[in-house]
Amino acid sequence: MERFQTVLREHFGNPASSNHAYGWAAARLVEEAREEVAQLIGATAREIIFTSGATESNNLALKGVAERYAKRGDHIVTTNLEHEAVAVPLAQLARRGWQVSTVTSAPDGRVDPAIIAATVTDSTVLVSVIAAQNEIGTLQPLPEIGNLCKDLGLIFHTDAAQAVGKIELDVNRAGIDLLSLSGHKIYAPKGVGALYVRRKNPRVTLEPQLSGGGQERGLRAGTLNVPGIVALGEACRLARLELATEAERLLKLRNHLLNRLREELGGVHLNGSVEHRLPGNLNLSFEGVMAHRLLAALTMLAVSSSSACSSADSQASPILLAIGLPVELARASLRIGLGRGTTEAEVDFAAEKIVAAVGQLRRENPTN
Ligand SMILES: *Cc1c(COP(=O)(O)O)cnc(C)c1O
């Protein structure tokens, strides 16, 4: 935050202005940030393209590959666990003539690499798999999928907006060619993000989706958001330094919360794998309780239901349905995110409030 403000106040140069000191200073800050982003994911600075966020990164990756590699084939493999920022651009590509195969997740919220392998055809160009699912927090087997893509000569993209800075992630170890990340998911401001684009083994090229001034090596034109980029760099540096301890701390808090809820309430279901899961994510369904009523009783907590439904009615989350949850449980889910600021006292407070609210709703509607 402090760096963000300093940059706003003092570094108003345009990094593209190479003929004066203000421009140089801004360019230096941007390059330092690029180095930090790269280091967090095991990349090199030249492989990082700054964008406005993961949505733009996904669009650039998917459409950029589709347009550049159309001669290779016309088939893309993805999963039914993707965020709209991948699913919708892929639907657009499907309308432009691409074949898009959607692999179905197992009930534990993970896709099986063997099914991806079985879905690949001679005309497959690209595989896109979310790294950590945004509702249920499940971690996908990226290294297995990455290796598969390497063996078959396919380009591998991952939407890692939820995973970067939360779990160890190395683009080389996981065989990732394109990786999208978002600033505001790692405590940087909204409106900044990055796309990792592999330059070696193999070198991946993209058709730019924004053209103009040639910034970002011609891949993403437009004057850079210098304050946002500097803040993203700082967020990546902090995330890298505290990742291991923070992951362990959050895992303990999460397990404490889950254990308390299970001890004090029956009929609590954890949605998605417990083992392959973001340390700060819980997605729970409470038998006999509608999520929108539970949320209405929990306004003191910053929790949400899985679905992006209006609070008035209770749509089941497509992601929970995708992993095979019955509609009643998919409508009864609560997503709880624990993060950097979350303390044990807050977790205990949350547990008390949830236990009371679930108990109350079940007493009001015992037949449900
Ligand atoms: C938040 C999120 C996005 C969108 O990121 P923006 O930076 O807000 O565009 C995309 N994918 C996933 C998995 C996310 O969690």
# chains A, B, ... in the order shown; residues from 1 in each chain; ligands from 1

$ residues_near_ligand --ligand "ligand 1" --cutoff "10 Å" --atoms "only C-alpha atoms and all ligand atoms" --output "PyMOL selection string"
chain A and resi 51-59+81-87+130-135+137+158-163+180-185+189-194

$ select_by_dssp --residues "segment 17-208 of chain A" --states "alpha helix (DSSP H)" --output "PyMOL selection string"
chain A and resi 21-41+54-68+84-95+113-119+142-152

$ select_by_dssp --residues "segment 27-241 of chain A" --states "strand (DSSP E or B)" --output "NGL selection string"
:A and (48-51 or 75-79 or 99-103 or 124-128 or 132 or 138-139 or 155-159 or 178-182 or 193-197)

$ closest_residue --among "A:Asp108, A:Ser17, A:Gly97, A:Leu148" --to "Gln215 of chain A" --atoms "only C-alpha atoms"
A:Ser17

$ residues_around --residues "Asn14 of chain A" --least-positions-apart "5" --cutoff "8 Å" --atoms "only C-alpha atoms" --output "PyMOL selection string"
chain A and resi 22-23+26-27+223-224+226

$ write_last_selection --atoms "C-alpha atoms" --output "compact mmCIF listing (two decimals), in the first residue's frame"
# COMPACT_ATOMS: atom_id res chain seq x y z
CA TYR A 22 11.01 10.17 -14.98
CA GLY A 23 10.51 7.59 -17.70
CA ALA A 26 9.24 4.25 -13.92
CA ALA A 27 10.75 1.70 -16.30
CA THR A 223 0.58 2.51 -21.31
CA LEU A 224 1.47 0.42 -18.29
CA VAL A 226 2.86 1.57 -13.11

$ closest_residue --among "A:Leu261, A:Val274, A:Ala356, A:Ala332" --to "Arg293 of chain A" --atoms "only C-alpha atoms"
A:Ala332

$ closest_residue --among "A:Tyr196, A:Phe349, A:Trp24, A:Trp98" --to "His157 of chain A" --atoms "only C-alpha atoms"
A:Tyr196

$ residues_around --residues "segment 206-213 of chain A" --least-positions-apart "2" --cutoff "7 Å" --atoms "only C-alpha atoms" --output "PyMOL selection string"
chain A and resi 60+64-65+67-68+204+215+219-222

$ write_last_selection --atoms "N, CA, C and O atoms" --output "PDB file, in the first residue's frame"
ATOM      1  N   LEU A  60      -6.072 -13.236 -23.487  1.00  0.00           N
ATOM      2  CA  LEU A  60      -4.874 -13.123 -24.319  1.00  0.00           C
ATOM      3  C   LEU A  60      -4.271 -14.503 -24.589  1.00  0.00           C
ATOM      4  O   LEU A  60      -3.901 -14.825 -25.719  1.00  0.00           O
ATOM      5  N   GLY A  64      -5.100 -15.676 -28.086  1.00  0.00           N
ATOM      6  CA  GLY A  64      -3.793 -15.451 -28.693  1.00  0.00           C
ATOM      7  C   GLY A  64      -3.206 -16.734 -29.272  1.00  0.00           C
ATOM      8  O   GLY A  64      -2.622 -16.724 -30.355  1.00  0.00           O
ATOM      9  N   VAL A  65      -3.367 -17.846 -28.556  1.00  0.00           N
ATOM     10  CA  VAL A  65      -2.907 -19.144 -29.066  1.00  0.00           C
ATOM     11  C   VAL A  65      -3.775 -19.587 -30.237  1.00  0.00           C
ATOM     12  O   VAL A  65      -3.283 -20.022 -31.281  1.00  0.00           O
ATOM     13  N   GLU A  67      -5.496 -17.951 -32.366  1.00  0.00           N
ATOM     14  CA  GLU A  67      -5.248 -17.215 -33.619  1.00  0.00           C
ATOM     15  C   GLU A  67      -3.861 -17.510 -34.187  1.00  0.00           C
ATOM     16  O   GLU A  67      -3.686 -17.591 -35.399  1.00  0.00           O
ATOM     17  N   ARG A  68      -2.876 -17.695 -33.311  1.00  0.00           N
ATOM     18  CA  ARG A  68      -1.512 -17.894 -33.795  1.00  0.00           C
ATOM     19  C   ARG A  68      -1.259 -19.316 -34.297  1.00  0.00           C
ATOM     20  O   ARG A  68      -0.487 -19.539 -35.211  1.00  0.00           O
ATOM     21  N   VAL A 204       6.641 -20.097 -26.886  1.00  0.00           N
ATOM     22  CA  VAL A 204       5.219 -19.933 -27.225  1.00  0.00           C
ATOM     23  C   VAL A 204       5.008 -18.507 -27.729  1.00  0.00           C
ATOM     24  O   VAL A 204       5.512 -17.558 -27.131  1.00  0.00           O
ATOM     25  N   GLN A 215       3.842  -1.878 -26.473  1.00  0.00           N
ATOM     26  CA  GLN A 215       4.362  -2.184 -25.138  1.00  0.00           C
ATOM     27  C   GLN A 215       4.330  -3.697 -24.888  1.00  0.00           C
ATOM     28  O   GLN A 215       3.659  -4.438 -25.592  1.00  0.00           O
ATOM     29  N   LEU A 219       3.026  -7.674 -27.224  1.00  0.00           N
ATOM     30  CA  LEU A 219       1.966  -8.627 -26.886  1.00  0.00           C
ATOM     31  C   LEU A 219       0.772  -7.961 -26.217  1.00  0.00           C
ATOM     32  O   LEU A 219      -0.333  -8.511 -26.202  1.00  0.00           O
ATOM     33  N   ARG A 220       0.999  -6.767 -25.648  1.00  0.00           N
ATOM     34  CA  ARG A 220      -0.103  -6.124 -24.935  1.00  0.00           C
ATOM     35  C   ARG A 220       0.146  -4.611 -24.964  1.00  0.00           C
ATOM     36  O   ARG A 220       0.843  -4.076 -24.110  1.00  0.00           O
ATOM     37  N   ALA A 221      -0.435  -3.959 -25.976  1.00  0.00           N
ATOM     38  CA  ALA A 221      -0.207  -2.533 -26.137  1.00  0.00           C
ATOM     39  C   ALA A 221      -0.997  -1.749 -25.094  1.00  0.00           C
ATOM     40  O   ALA A 221      -1.977  -2.231 -24.543  1.00  0.00           O
ATOM     41  N   GLY A 222      -0.547  -0.536 -24.833  1.00  0.00           N
ATOM     42  CA  GLY A 222      -1.202   0.337 -23.851  1.00  0.00           C
ATOM     43  C   GLY A 222      -0.215   0.753 -22.787  1.00  0.00           C
ATOM     44  O   GLY A 222       0.635  -0.046 -22.380  1.00  0.00           O
TER      45      GLY A 222
END

$ atom_distance --atom1 "atom CA of Asn225 of chain A" --atom2 "atom CA of Ala33 of chain A"
11.8 Å

$ closest_atom_pairs --of "segment 214-256 of chain A" --to "segment 334-341 of chain A" --cutoff "9 Å" --atoms "only C-alpha atoms" --output "JSON lines"
{"residue": "A:Glu246", "atom": "CA", "partner": "A:Arg340", "partner_atom": "CA", "distance": 7.3}
{"residue": "A:Leu250", "atom": "CA", "partner": "A:Leu338", "partner_atom": "CA", "distance": 6.6}
{"residue": "A:Leu253", "atom": "CA", "partner": "A:Leu338", "partner_atom": "CA", "distance": 8.0}
{"residue": "A:Arg254", "atom": "CA", "partner": "A:Leu338", "partner_atom": "CA", "distance": 7.3}

$ atom_distance --atom1 "atom CA of Asn19 of chain A" --atom2 "atom CA of Leu232 of chain A"
25.9 Å

$ atom_distance --atom1 "atom CA of Ile176 of chain A" --atom2 "atom CA of Gly214 of chain A"
25.4 Å

$ residues_around --residues "Arg203 of chain A" --least-positions-apart "5" --cutoff "12 Å" --atoms "only C-alpha atoms" --output "PyMOL selection string"
chain A and resi 46-47+153+155+176-178+196-198

$ residues_around --residues "Met290 of chain A" --least-positions-apart "3" --cutoff "12 Å" --atoms "only C-alpha atoms" --output "PyMOL selection string"
chain A and resi 284-287+293-297+305-306+311-316+327-334+357-358+361-362+364-365+368

$ residues_around --residues "Arg96 of chain A" --least-positions-apart "3" --cutoff "12 Å" --atoms "only C-alpha atoms" --output "NGL selection string"
:A and (63 or 66-67 or 70 or 74-75 or 89-93 or 99-100)

$ closest_residue --among "A:Ile354, A:Ala117, A:Val347, A:Leu62" --to "Thr299 of chain A" --atoms "only C-alpha atoms"
A:Ile354

$ closest_residue --among "A:Leu320, A:Ala345, A:Ile116, A:Val7" --to "Leu29 of chain A" --atoms "only C-alpha atoms"
A:Val7

$ decode --residues "segment 31-43 of chain A" --atoms "C-alpha atoms" --output "PDB file, in the first residue's frame"
ATOM      1  CA  GLU A  31      11.334  -4.189 -14.400  1.00  0.00           C
ATOM      2  CA  GLU A  32      11.899  -4.817 -10.682  1.00  0.00           C
ATOM      3  CA  ALA A  33       8.255  -5.827 -10.349  1.00  0.00           C
ATOM      4  CA  ARG A  34       8.536  -8.096 -13.391  1.00  0.00           C
ATOM      5  CA  GLU A  35      11.462  -9.838 -11.697  1.00  0.00           C
ATOM      6  CA  GLU A  36       9.399 -10.399  -8.516  1.00  0.00           C
ATOM      7  CA  VAL A  37       6.424 -11.829 -10.392  1.00  0.00           C
ATOM      8  CA  ALA A  38       8.751 -14.135 -12.323  1.00  0.00           C
ATOM      9  CA  GLN A  39      10.533 -15.321  -9.199  1.00  0.00           C
ATOM     10  CA  LEU A  40       7.304 -16.312  -7.458  1.00  0.00           C
ATOM     11  CA  ILE A  41       6.443 -18.814 -10.216  1.00  0.00           C
ATOM     12  CA  GLY A  42       9.939 -19.919 -11.265  1.00  0.00           C
ATOM     13  CA  ALA A  43       9.914 -17.968 -14.535  1.00  0.00           C
TER      14      ALA A  43
END
